[in-house]
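Coordinates from start.pdb are shown below (PDB, C-alpha atoms).
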```
MODEL        1
ATOM      1  CA  MET V 225       0.000   0.000   0.000
ATOM      2  CA  PHE V 226       2.833   2.371   0.868
ATOM      3  CA  PHE V 227       6.475   2.311   1.930
ATOM      4  CA  THR V 228       8.471   4.481   4.307
ATOM      5  CA  LEU V 229      11.812   4.567   2.530
ATOM      6  CA  LYS V 230      13.420   2.841  -0.418
ATOM      7  CA  TRP V 231      16.673   3.099  -2.372
ATOM      8  CA  GLU V 232      16.012   3.630  -6.077
ATOM      9  CA  SER V 233      18.452   4.596  -8.855
ATOM     10  CA  GLU V 234      21.082   6.374  -6.742
ATOM     11  CA  LYS V 235      18.556   8.209  -4.596
ATOM     12  CA  LEU V 236      16.642   7.600  -1.385
ATOM     13  CA  THR V 237      12.883   7.894  -1.734
ATOM     14  CA  LEU V 238      11.069   8.839   1.471
ATOM     15  CA  LEU V 239       7.378   9.051   2.284
ATOM     16  CA  ASP V 240       6.878  12.653   3.397
ATOM     17  CA  GLN V 241       5.076  12.116   6.692
ATOM     18  CA  THR V 242       4.455  15.824   7.170
ATOM     19  CA  LYS V 243       1.813  15.566   4.415
ATOM     20  CA  LEU V 244      -0.188  12.733   5.984
ATOM     21  CA  PRO V 245      -3.035  11.997   6.317
ATOM     22  CA  THR V 246      -4.340  14.343   3.626
ATOM     23  CA  SER V 247      -1.762  13.548   0.952
ATOM     24  CA  LEU V 248       0.520  10.612   0.115
ATOM     25  CA  GLU V 249       3.682  12.209  -1.278
ATOM     26  CA  TYR V 250       7.266  11.017  -1.640
ATOM     27  CA  LEU V 251      10.556  12.916  -1.474
ATOM     28  CA  GLU V 252      13.556  12.064  -3.632
ATOM     29  CA  VAL V 253      16.720  12.655  -1.607
ATOM     30  CA  THR V 254      20.039  12.959  -3.422
ATOM     31  CA  SER V 255      22.099  14.987  -0.931
ATOM     32  CA  VAL V 256      23.038  14.636   2.708
ATOM     33  CA  ASP V 257      21.786  18.164   3.396
ATOM     34  CA  ASP V 258      18.353  17.294   2.021
ATOM     35  CA  LEU V 259      18.278  14.140   4.136
ATOM     36  CA  ILE V 260      19.161  16.116   7.268
ATOM     37  CA  VAL V 261      16.343  18.561   6.508
ATOM     38  CA  ALA V 262      13.916  15.666   6.011
ATOM     39  CA  ILE V 263      14.982  14.155   9.331
ATOM     40  CA  LYS V 264      14.759  17.408  11.279
ATOM     41  CA  LYS V 265      11.342  18.340   9.910
ATOM     42  CA  LEU V 266      10.132  14.761  10.612
ATOM     43  CA  ALA V 267       9.416  13.848   7.004
ATOM     44  CA  VAL V 268      11.133  10.619   8.049
ATOM     45  CA  ARG V 269      10.999   9.675  11.733
ATOM     46  CA  GLY V 270      10.837   6.742  14.094
ATOM     47  CA  ALA V 271      13.924   5.085  15.547
ATOM     48  CA  PRO V 272      14.232   2.079  13.185
ATOM     49  CA  ALA V 273      13.484   4.166  10.081
ATOM     50  CA  LEU V 274      16.119   6.682  11.158
ATOM     51  CA  GLY V 275      18.637   3.864  11.500
ATOM     52  CA  ALA V 276      18.069   2.819   7.904
ATOM     53  CA  ALA V 277      18.044   6.444   6.743
ATOM     54  CA  GLY V 278      21.387   7.043   8.473
ATOM     55  CA  ALA V 279      22.934   4.069   6.714
ATOM     56  CA  TYR V 280      21.596   5.130   3.320
ATOM     57  CA  GLY V 281      22.792   8.660   4.074
ATOM     58  CA  VAL V 282      26.397   7.461   4.101
ATOM     59  CA  ALA V 283      25.848   6.007   0.624
ATOM     60  CA  ILE V 284      24.466   9.377  -0.488
ATOM     61  CA  ALA V 285      27.547  11.088   0.960
ATOM     62  CA  LEU V 286      29.851   8.881  -1.116
ATOM     63  CA  LEU V 287      27.909   9.727  -4.268
ATOM     64  CA  GLU V 288      28.168  13.419  -3.415
ATOM     65  CA  GLN V 289      31.869  13.065  -2.748
ATOM     66  CA  LYS V 290      32.331  11.882  -6.309
ATOM     67  CA  GLN V 291      29.981  14.458  -7.829
ATOM     68  CA  LYS V 292      31.304  17.472  -5.895
ATOM     69  CA  ASN V 293      34.948  16.462  -5.567
ATOM     70  CA  TRP V 294      34.869  16.491  -1.781
ATOM     71  CA  ASN V 295      38.000  15.405   0.000
ATOM     72  CA  GLN V 296      37.781  12.715   2.670
ATOM     73  CA  THR V 297      37.602  15.261   5.486
ATOM     74  CA  GLN V 298      34.660  17.057   3.887
ATOM     75  CA  THR V 299      32.844  13.772   3.394
ATOM     76  CA  LEU V 300      33.371  12.638   6.978
ATOM     77  CA  GLU V 301      32.256  16.036   8.318
ATOM     78  CA  LYS V 302      29.017  15.785   6.356
ATOM     79  CA  ILE V 303      28.434  12.234   7.574
ATOM     80  CA  ASN V 304      29.013  13.353  11.165
ATOM     81  CA  GLU V 305      26.496  16.167  10.702
ATOM     82  CA  LEU V 306      23.964  13.571   9.597
ATOM     83  CA  ARG V 307      24.855  11.324  12.520
ATOM     84  CA  ASN V 308      24.010  14.069  15.014
ATOM     85  CA  ALA V 309      20.871  15.423  13.330
ATOM     86  CA  ARG V 310      18.614  14.094  16.139
ATOM     87  CA  PRO V 311      20.531  13.532  19.385
ATOM     88  CA  THR V 312      17.996  11.526  21.409
ATOM     89  CA  ALA V 313      17.320   8.879  18.766
ATOM     90  CA  VAL V 314      20.250   6.478  19.055
ATOM     91  CA  ASN V 315      19.310   4.532  15.917
ATOM     92  CA  LEU V 316      20.303   7.344  13.565
ATOM     93  CA  ALA V 317      23.877   7.346  14.866
ATOM     94  CA  TRP V 318      23.795   3.548  15.035
ATOM     95  CA  GLY V 319      22.841   3.280  11.356
ATOM     96  CA  VAL V 320      25.680   5.605  10.338
ATOM     97  CA  ASP V 321      28.152   3.716  12.530
ATOM     98  CA  GLN V 322      27.148   0.357  11.054
ATOM     99  CA  VAL V 323      28.228   1.352   7.547
ATOM    100  CA  ALA V 324      31.007   3.863   8.303
ATOM    101  CA  PRO V 325      33.738   1.175   8.574
ATOM    102  CA  LEU V 326      32.971   0.214   4.955
ATOM    103  CA  ILE V 327      33.567   3.688   3.513
ATOM    104  CA  GLU V 328      37.074   2.784   2.382
ATOM    105  CA  ASN V 329      35.650  -0.212   0.506
ATOM    106  CA  GLY V 330      33.529   2.109  -1.623
ATOM    107  CA  PHE V 331      29.936   2.895  -2.434
ATOM    108  CA  ALA V 332      28.811  -0.620  -3.381
ATOM    109  CA  ASP V 333      29.731  -2.137  -0.025
ATOM    110  CA  VAL V 334      28.167   0.742   1.907
ATOM    111  CA  LEU V 335      24.919   0.469  -0.041
ATOM    112  CA  ALA V 336      24.824  -3.305   0.378
ATOM    113  CA  LYS V 337      25.169  -2.912   4.143
ATOM    114  CA  ALA V 338      22.442  -0.263   4.219
ATOM    115  CA  GLU V 339      20.097  -2.590   2.338
ATOM    116  CA  GLU V 340      20.967  -5.351   4.797
ATOM    117  CA  ILE V 341      20.071  -3.080   7.733
ATOM    118  CA  ALA V 342      16.714  -2.220   6.173
ATOM    119  CA  ALA V 343      15.873  -5.869   5.509
ATOM    120  CA  ALA V 344      16.948  -6.918   9.009
ATOM    121  CA  ASP V 345      14.691  -4.266  10.539
ATOM    122  CA  SER V 346      11.686  -5.708   8.745
ATOM    123  CA  GLN V 347      12.446  -9.184  10.082
ATOM    124  CA  ALA V 348      13.133  -7.866  13.589
ATOM    125  CA  ASN V 349       9.801  -6.031  13.706
ATOM    126  CA  ARG V 350       7.831  -9.166  12.942
ATOM    127  CA  GLN V 351       9.795 -11.194  15.477
ATOM    128  CA  MET V 352       9.300  -8.709  18.308
ATOM    129  CA  ALA V 353       5.607  -8.472  17.419
ATOM    130  CA  LYS V 354       5.240 -12.217  17.932
ATOM    131  CA  LEU V 355       7.246 -12.234  21.165
ATOM    132  CA  ALA V 356       5.264  -9.331  22.625
ATOM    133  CA  ALA V 357       1.900 -10.706  21.496
ATOM    134  CA  ASP V 358       2.712 -14.063  23.121
ATOM    135  CA  TRP V 359       3.636 -12.255  26.360
ATOM    136  CA  ILE V 360       0.463 -10.162  26.318
ATOM    137  CA  GLU V 361      -1.764 -13.162  25.672
ATOM    138  CA  GLN V 362      -0.230 -14.859  28.728
ATOM    139  CA  LYS V 363      -0.411 -11.825  31.036
ATOM    140  CA  VAL V 364      -3.680 -10.195  29.950
ATOM    141  CA  THR V 365      -6.558 -12.564  30.575
ATOM    142  CA  LYS V 366      -9.430 -10.264  29.586
ATOM    143  CA  ARG V 367     -10.800 -10.781  26.074
ATOM    144  CA  PRO V 368     -10.994  -9.027  23.786
ATOM    145  CA  ILE V 369      -7.960  -6.875  24.544
ATOM    146  CA  ARG V 370      -8.073  -3.084  24.438
ATOM    147  CA  ALA V 371      -4.737  -1.380  23.775
ATOM    148  CA  LEU V 372      -3.499   2.192  24.076
ATOM    149  CA  THR V 373      -0.492   3.541  22.201
ATOM    150  CA  HIS V 374       1.327   6.857  21.889
ATOM    151  CA  CYS V 375       2.927   8.625  18.915
ATOM    152  CA  ASN V 376       3.501   6.452  15.827
ATOM    153  CA  THR V 377       5.301   3.120  15.920
ATOM    154  CA  GLY V 378       4.021   1.453  12.770
ATOM    155  CA  THR V 379       5.382   0.928   9.287
ATOM    156  CA  LEU V 380       5.834   4.692   9.077
ATOM    157  CA  ALA V 381       8.390   4.541  11.909
ATOM    158  CA  THR V 382      10.264   1.520  10.530
ATOM    159  CA  THR V 383      11.173  -0.100   7.243
ATOM    160  CA  ASP V 384       8.187  -2.460   7.530
ATOM    161  CA  TRP V 385       5.427  -3.656   9.892
ATOM    162  CA  GLY V 386       6.182  -1.589  13.016
ATOM    163  CA  THR V 387       7.274  -1.933  16.651
ATOM    164  CA  ALA V 388       4.508  -1.205  19.195
ATOM    165  CA  LEU V 389       1.935  -0.808  16.426
ATOM    166  CA  GLY V 390       3.330  -3.997  14.892
ATOM    167  CA  VAL V 391       2.356  -5.798  18.109
ATOM    168  CA  ILE V 392      -1.126  -4.319  17.848
ATOM    169  CA  ARG V 393      -1.354  -5.588  14.268
ATOM    170  CA  GLU V 394      -0.269  -9.043  15.422
ATOM    171  CA  LEU V 395      -2.890  -9.094  18.185
ATOM    172  CA  PHE V 396      -5.543  -7.992  15.686
ATOM    173  CA  ASP V 397      -4.503 -10.750  13.263
ATOM    174  CA  ARG V 398      -4.833 -13.238  16.134
ATOM    175  CA  LYS V 399      -8.398 -11.972  16.692
ATOM    176  CA  VAL V 400      -7.816 -11.122  20.365
ATOM    177  CA  LEU V 401      -7.861  -7.318  19.983
ATOM    178  CA  SER V 402     -11.072  -5.307  20.022
ATOM    179  CA  GLU V 403      -9.925  -1.698  19.709
ATOM    180  CA  VAL V 404      -7.073   0.754  20.034
ATOM    181  CA  PHE V 405      -6.848   4.124  21.764
ATOM    182  CA  ALA V 406      -4.376   6.277  19.830
ATOM    183  CA  ASP V 407      -3.124   9.358  21.663
ATOM    184  CA  GLU V 408      -3.170  12.426  19.420
ATOM    185  CA  THR V 409       0.461  13.112  20.464
ATOM    186  CA  ARG V 410       0.909  16.858  20.703
ATOM    187  CA  PRO V 411       2.367  19.042  19.419
ATOM    188  CA  LEU V 412       2.792  17.489  15.940
ATOM    189  CA  LEU V 413      -0.080  14.999  16.202
ATOM    190  CA  GLN V 414       1.759  11.884  15.072
ATOM    191  CA  GLY V 415      -0.939   9.787  16.693
ATOM    192  CA  ALA V 416      -3.893  11.591  15.125
ATOM    193  CA  ARG V 417      -2.221  12.042  11.736
ATOM    194  CA  LEU V 418      -0.080   8.916  11.367
ATOM    195  CA  THR V 419      -1.143   6.140  13.745
ATOM    196  CA  ALA V 420      -4.837   6.674  13.046
ATOM    197  CA  TRP V 421      -4.076   6.703   9.323
ATOM    198  CA  GLU V 422      -2.214   3.400   9.583
ATOM    199  CA  LEU V 423      -4.934   1.819  11.728
ATOM    200  CA  SER V 424      -7.458   2.898   9.102
ATOM    201  CA  GLN V 425      -5.353   1.281   6.384
ATOM    202  CA  TYR V 426      -5.319  -1.999   8.325
ATOM    203  CA  GLY V 427      -9.014  -1.910   9.238
ATOM    204  CA  ILE V 428      -8.337  -1.887  12.993
ATOM    205  CA  PRO V 429     -11.104  -0.239  15.079
ATOM    206  CA  HIS V 430      -9.726   2.718  17.012
ATOM    207  CA  TYR V 431     -10.335   5.968  18.815
ATOM    208  CA  VAL V 432      -8.161   9.078  18.699
ATOM    209  CA  LEU V 433      -8.050  10.770  22.103
ATOM    210  CA  ALA V 434      -6.448  13.892  23.475
ATOM    211  CA  ASP V 435      -3.182  13.262  25.310
ATOM    212  CA  GLY V 436      -4.739  14.736  28.439
ATOM    213  CA  ALA V 437      -7.519  12.112  28.337
ATOM    214  CA  ALA V 438      -5.206   9.101  28.232
ATOM    215  CA  ALA V 439      -4.349   8.717  31.926
ATOM    216  CA  SER V 440      -7.952   8.854  33.134
ATOM    217  CA  THR V 441      -9.039   6.473  30.363
ATOM    218  CA  ILE V 442      -6.438   3.974  31.588
ATOM    219  CA  VAL V 443      -7.288   4.373  35.274
ATOM    220  CA  ARG V 444     -11.039   4.020  34.597
ATOM    221  CA  GLY V 445     -10.332   0.497  33.386
ATOM    222  CA  GLU V 446     -10.962   1.068  29.683
ATOM    223  CA  VAL V 447      -7.491  -0.112  28.623
ATOM    224  CA  ASP V 448      -5.866  -3.527  29.157
ATOM    225  CA  VAL V 449      -2.329  -2.877  27.933
ATOM    226  CA  VAL V 450      -0.219   0.163  26.977
ATOM    227  CA  LEU V 451       2.390  -0.196  24.234
ATOM    228  CA  ILE V 452       4.969   2.378  23.172
ATOM    229  CA  GLY V 453       8.171   2.426  21.172
ATOM    230  CA  ALA V 454      11.501   3.937  22.178
ATOM    231  CA  ASP V 455      14.166   6.193  20.753
ATOM    232  CA  ARG V 456      16.844   5.183  23.246
ATOM    233  CA  ILE V 457      16.855   2.613  26.055
ATOM    234  CA  ALA V 458      19.497   2.896  28.763
ATOM    235  CA  ALA V 459      21.340  -0.105  30.161
ATOM    236  CA  ASN V 460      19.143  -0.128  33.267
ATOM    237  CA  GLY V 461      15.949  -0.140  31.182
ATOM    238  CA  ASP V 462      15.033   3.556  31.438
ATOM    239  CA  SER V 463      13.405   4.396  28.097
ATOM    240  CA  ALA V 464      13.209   7.644  26.158
ATOM    241  CA  ASN V 465      10.196   8.022  23.906
ATOM    242  CA  LYS V 466       7.943  10.750  22.526
ATOM    243  CA  ILE V 467       6.952  13.333  25.105
ATOM    244  CA  GLY V 468       3.849  12.173  26.953
ATOM    245  CA  SER V 469       4.955   8.555  27.390
ATOM    246  CA  PHE V 470       5.946   8.881  31.057
ATOM    247  CA  PRO V 471       2.431   9.826  32.294
ATOM    248  CA  LEU V 472       1.035   6.732  30.568
ATOM    249  CA  ALA V 473       3.401   4.528  32.568
ATOM    250  CA  LEU V 474       2.275   6.174  35.801
ATOM    251  CA  ALA V 475      -1.364   5.620  34.886
ATOM    252  CA  ALA V 476      -0.737   2.000  33.876
ATOM    253  CA  LYS V 477       0.986   1.368  37.215
ATOM    254  CA  ARG V 478      -1.992   2.861  39.058
ATOM    255  CA  ALA V 479      -4.412   0.750  37.021
ATOM    256  CA  GLY V 480      -2.365  -2.433  37.441
ATOM    257  CA  ILE V 481      -2.041  -3.115  33.717
ATOM    258  CA  PRO V 482       1.100  -3.921  31.669
ATOM    259  CA  PHE V 483       3.174  -1.111  30.176
ATOM    260  CA  LEU V 484       5.407  -2.413  27.391
ATOM    261  CA  VAL V 485       8.239  -0.831  25.425
ATOM    262  CA  ILE V 486       8.730  -2.411  21.999
ATOM    263  CA  ALA V 487      12.031  -1.630  20.263
ATOM    264  CA  PRO V 488      14.833  -3.353  18.372
ATOM    265  CA  GLU V 489      18.114  -4.268  20.036
ATOM    266  CA  SER V 490      19.750  -1.383  18.147
ATOM    267  CA  THR V 491      17.746   1.035  20.323
ATOM    268  CA  ILE V 492      19.340  -0.313  23.512
ATOM    269  CA  ASP V 493      22.342   1.852  24.361
ATOM    270  CA  ARG V 494      24.373  -0.213  26.797
ATOM    271  CA  ASP V 495      26.956   2.569  27.001
ATOM    272  CA  CYS V 496      24.259   4.747  28.575
ATOM    273  CA  ALA V 497      23.883   3.675  32.204
ATOM    274  CA  THR V 498      20.567   5.363  33.070
ATOM    275  CA  GLY V 499      17.960   7.665  31.614
ATOM    276  CA  GLU V 500      19.634  10.620  33.279
ATOM    277  CA  GLU V 501      22.380  10.383  30.641
ATOM    278  CA  ILE V 502      19.983  10.602  27.694
ATOM    279  CA  GLU V 503      20.092  13.962  25.932
ATOM    280  CA  ILE V 504      16.567  15.265  25.395
ATOM    281  CA  GLU V 505      16.077  17.038  22.068
ATOM    282  CA  MET V 506      14.486  20.465  22.401
ATOM    283  CA  ARG V 507      12.522  21.440  19.310
ATOM    284  CA  ASP V 508      11.289  24.796  18.020
ATOM    285  CA  GLY V 509       8.812  26.311  20.478
ATOM    286  CA  ASN V 510       6.608  27.407  17.591
ATOM    287  CA  GLU V 511       5.507  23.787  17.196
ATOM    288  CA  VAL V 512       3.607  24.249  20.470
ATOM    289  CA  LEU V 513       2.412  27.782  19.729
ATOM    290  CA  GLU V 514       1.081  27.044  16.243
ATOM    291  CA  LEU V 515      -1.204  24.506  14.611
ATOM    292  CA  GLN V 516      -0.651  23.975  10.894
ATOM    293  CA  GLY V 517       0.988  27.385  10.691
ATOM    294  CA  ILE V 518      -1.785  29.215  12.540
ATOM    295  CA  ARG V 519      -0.859  30.876  15.826
ATOM    296  CA  ILE V 520      -2.968  29.508  18.687
ATOM    297  CA  ALA V 521      -1.202  31.257  21.598
ATOM    298  CA  PRO V 522      -0.700  34.951  22.423
ATOM    299  CA  LYS V 523       2.228  36.703  20.787
ATOM    300  CA  ALA V 524       3.907  37.184  24.150
ATOM    301  CA  SER V 525       3.876  33.449  24.897
ATOM    302  CA  ARG V 526       6.993  31.339  24.535
ATOM    303  CA  GLY V 527       6.904  27.681  23.533
ATOM    304  CA  TYR V 528       8.604  25.014  25.641
ATOM    305  CA  ASN V 529       9.002  21.928  23.490
ATOM    306  CA  PRO V 530      10.974  18.891  24.713
ATOM    307  CA  ALA V 531      10.533  16.173  22.086
ATOM    308  CA  PHE V 532      10.972  13.231  24.470
ATOM    309  CA  ASP V 533      10.606  12.147  28.066
ATOM    310  CA  VAL V 534      12.203   9.256  29.951
ATOM    311  CA  THR V 535      10.155   6.519  31.607
ATOM    312  CA  PRO V 536      11.989   4.959  34.588
ATOM    313  CA  HIS V 537      12.552   1.225  34.298
ATOM    314  CA  ASP V 538      10.548   0.419  37.442
ATOM    315  CA  LEU V 539       7.374   1.569  35.666
ATOM    316  CA  ILE V 540       7.987  -0.683  32.651
ATOM    317  CA  SER V 541       6.557  -4.210  32.718
ATOM    318  CA  ALA V 542       8.840  -5.401  29.948
ATOM    319  CA  VAL V 543      11.033  -4.253  27.102
ATOM    320  CA  VAL V 544      10.571  -6.463  24.053
ATOM    321  CA  SER V 545      13.177  -6.655  21.297
ATOM    322  CA  GLU V 546      13.560  -9.095  18.432
ATOM    323  CA  LYS V 547      15.832 -11.230  20.638
ATOM    324  CA  ARG V 548      13.904 -11.524  23.884
ATOM    325  CA  VAL V 549      11.498 -10.153  26.454
ATOM    326  CA  TYR V 550      13.322  -8.225  29.166
ATOM    327  CA  GLU V 551      10.983  -8.753  32.132
ATOM    328  CA  GLY V 552      10.838  -5.791  34.462
ATOM    329  CA  ALA V 553      12.883  -3.921  31.830
ATOM    330  CA  LYS V 554      16.123  -5.374  33.251
ATOM    331  CA  ILE V 555      18.536  -4.986  30.336
ATOM    332  CA  ILE V 556      21.812  -5.814  32.116
TER
ENDMDL
END
```
Please render this file's structure as C-alpha cells.
Amino acid sequence: MFFTLKWESEKLTLLDQTKLPTSLEYLEVTSVDDLIVAIKKLAVRGAPALGAAGAYGVAIALLEQKQKNWNQTQTLEKINELRNARPTAVNLAWGVDQVAPLIENGFADVLAKAEEIAAADSQANRQMAKLAADWIEQKVTKRPIRALTHCNTGTLATTDWGTALGVIRELFDRKVLSEVFADETRPLLQGARLTAWELSQYGIPHYVLADGAAASTIVRGEVDVVLIGADRIAANGDSANKIGSFPLALAAKRAGIPFLVIAPESTIDRDCATGEEIEIEMRDGNEVLELQGIRIAPKASRGYNPAFDVTPHDLISAVVSEKRVYEGAKII
C-alpha cells in the first residue's frame, strides 16, 4: 500500500510524513543536506526508520563526494552532521556507525550494508511483534484486549510492519484485539495524523483521544495494555520516547495493567547507564504555539518543546526486542 523509505536509482525515496493523512507524497533525496532537513522536519521519523536512513545517508555522501569532488575530510564532516541530526534517537547514529567502517571499501559495499540493515529491521519487527503478542496473551486474561499507544510506531516509523503498532497488528490478526486508543500526540499529532491513518489502512477499530484524556481512560479500566516504542533505552531499562509517554506509565501502574516498550536491540544503548544520561532534544517552540501554521497562543507566549521524556525502568513491565522479552525492563 505504501512504503516508508526505499533506495532507487542512486537516490533515497522517502514518504513525506508531514503531508499525511491528507496527501501521500514522496521525497527524492540525493544529498546529505536534504536528508538532514527531512529528518529534522520529521518527514522521516521513528527510531528504526532513522537507523536505515542514516545508513543510506552514508551512501548518499559517497555519491556526493564523487559528484562534488569532496575530499575525505569534507565527506566525513558531512556524515558526522547527519549522525548528530537528532541527538535523542540512538538509531540514527547507530545506522551511520554500522556502515562507516565500509567507507574505504567504496559505495557498493556501503549500499549493500544499508540494504541489509533495512531488511533486518523488517524481520526484527515481525519477530518482536510475535514475542510481545505471546507475552500479552499470557499476562492479559481479559478478552478481547483493548490497547493504548502513543505517537507512531508502525510501518511509518520503521522499514516495515512496526514496533509497538506492529504488536497491535499481530494481536488484531490473532483476533484477540477489540480496539485501540491512539493518543493524538501533541504538538505534531503523530498519533492523530499517522497512527490513526495506519490503523485505518489496516481496518483496525480505534479511537483518537487527546493526550490529556489518556491517563484517566487507563485508570477508569478502559485499557488492558499500553504499548509504546523507544528512541533510546538505557542499560538499566530507562526508556526515552515521545513526550507524553511517562504519564502513561504512571497511569498503567496505578491501574495495574502492563506497560510495554517495543524496540529493536539497536535502540538499547548499553553505554548509557541510566535515563539521566539521555540527551533530550528540544525542538522549536513554535511547534507548540502554532497549529498547521496558525498561531494559537498569544504573541507574548513562549513555547517550551521537549521532544521526548524518559520513563523509569521500574514503571515498565517489559522491554521487548527481536531477541527476547526483558521482564521488568532489566537490560543488564
Selection result for the PyMOL selection byres ((chain V and resi 336) around 12) on this file, as a list in words: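 This file gives the following for the PyMOL selection byres ((chain V and resi 336) around 12): Trp231, Ala276, Ala279, Tyr280, Val282, Ala283, Gln322, Val323, Leu326, Ile327, Asn329, Gly330, Phe331, Ala332, Asp333, Val334, Leu335, Lys337, Ala338, Glu339, Glu340, Ile341, Ala342 and Ala343 of chain V.
Within the 6 Å cut-off around stretch 427-443 of chain V, using all atoms listed in the file and omitting residues fewer than 3 positions from it on the same chain, the listed residues are Glu403, Val404, Phe405, Ala406, Asp407, Glu408, Leu423, Ser424, Glu446, Val447, Leu472, Ala475 and Ala479 of chain V.
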All residues 7 Å or closer to stretch 529-543 of chain V, all atoms listed in the file, same chain fewer than 3 positions away omitted, as a PyMOL selection string: chain V and resi 460-470+473-474+477+482-486+499+504-509+512+549-553
Residues from the last selection, C-alpha atoms, saved as a compact mmCIF listing (two decimals), in the frame of the given file:
```
# COMPACT_ATOMS: atom_id res chain seq x y z
CA ASN V 460 19.14 -0.13 33.27
CA GLY V 461 15.95 -0.14 31.18
CA ASP V 462 15.03 3.56 31.44
CA SER V 463 13.40 4.40 28.10
CA ALA V 464 13.21 7.64 26.16
CA ASN V 465 10.20 8.02 23.91
CA LYS V 466 7.94 10.75 22.53
CA ILE V 467 6.95 13.33 25.10
CA GLY V 468 3.85 12.17 26.95
CA SER V 469 4.96 8.56 27.39
CA PHE V 470 5.95 8.88 31.06
CA ALA V 473 3.40 4.53 32.57
CA LEU V 474 2.28 6.17 35.80
CA LYS V 477 0.99 1.37 37.22
CA PRO V 482 1.10 -3.92 31.67
CA PHE V 483 3.17 -1.11 30.18
CA LEU V 484 5.41 -2.41 27.39
CA VAL V 485 8.24 -0.83 25.42
CA ILE V 486 8.73 -2.41 22.00
CA GLY V 499 17.96 7.66 31.61
CA ILE V 504 16.57 15.26 25.40
CA GLU V 505 16.08 17.04 22.07
CA MET V 506 14.49 20.46 22.40
CA ARG V 507 12.52 21.44 19.31
CA ASP V 508 11.29 24.80 18.02
CA GLY V 509 8.81 26.31 20.48
CA VAL V 512 3.61 24.25 20.47
CA VAL V 549 11.50 -10.15 26.45
CA TYR V 550 13.32 -8.22 29.17
CA GLU V 551 10.98 -8.75 32.13
CA GLY V 552 10.84 -5.79 34.46
CA ALA V 553 12.88 -3.92 31.83
```
Smallest atom-to-atom distance to V:Gly281: which of V:Pro311, V:Lys235, V:Glu249, V:Gln296, using all atoms listed in the file?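 Smallest distance to V:Gly281 is found for V:Lys235.
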The residues within 6 Å of (10.6, 12.0, -5.2), using all atoms listed in the file and the coordinates of the file, should be reported as a CSV table (one decimal) with C-alpha atoms, in the frame of the given file; which are they?
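The result, written out as selection-v8.csv:
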```csv
chain,number,residue,atom,x,y,z
V,237,THR,CA,12.9,7.9,-1.7
V,250,TYR,CA,7.3,11.0,-1.6
V,251,LEU,CA,10.6,12.9,-1.5
V,252,GLU,CA,13.6,12.1,-3.6
```
At what distance in Å, to one decimal, does atom CA of V:Glu328 lie from atom CA of V:Ser255?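 Computing it gives 19.6 Å between the two atoms.
With distances restricted to only C-alpha atoms, V:Asp448 is the closest residue to V:Val364 from V:Asp240, V:Asp448, V:Glu232, V:Glu503.
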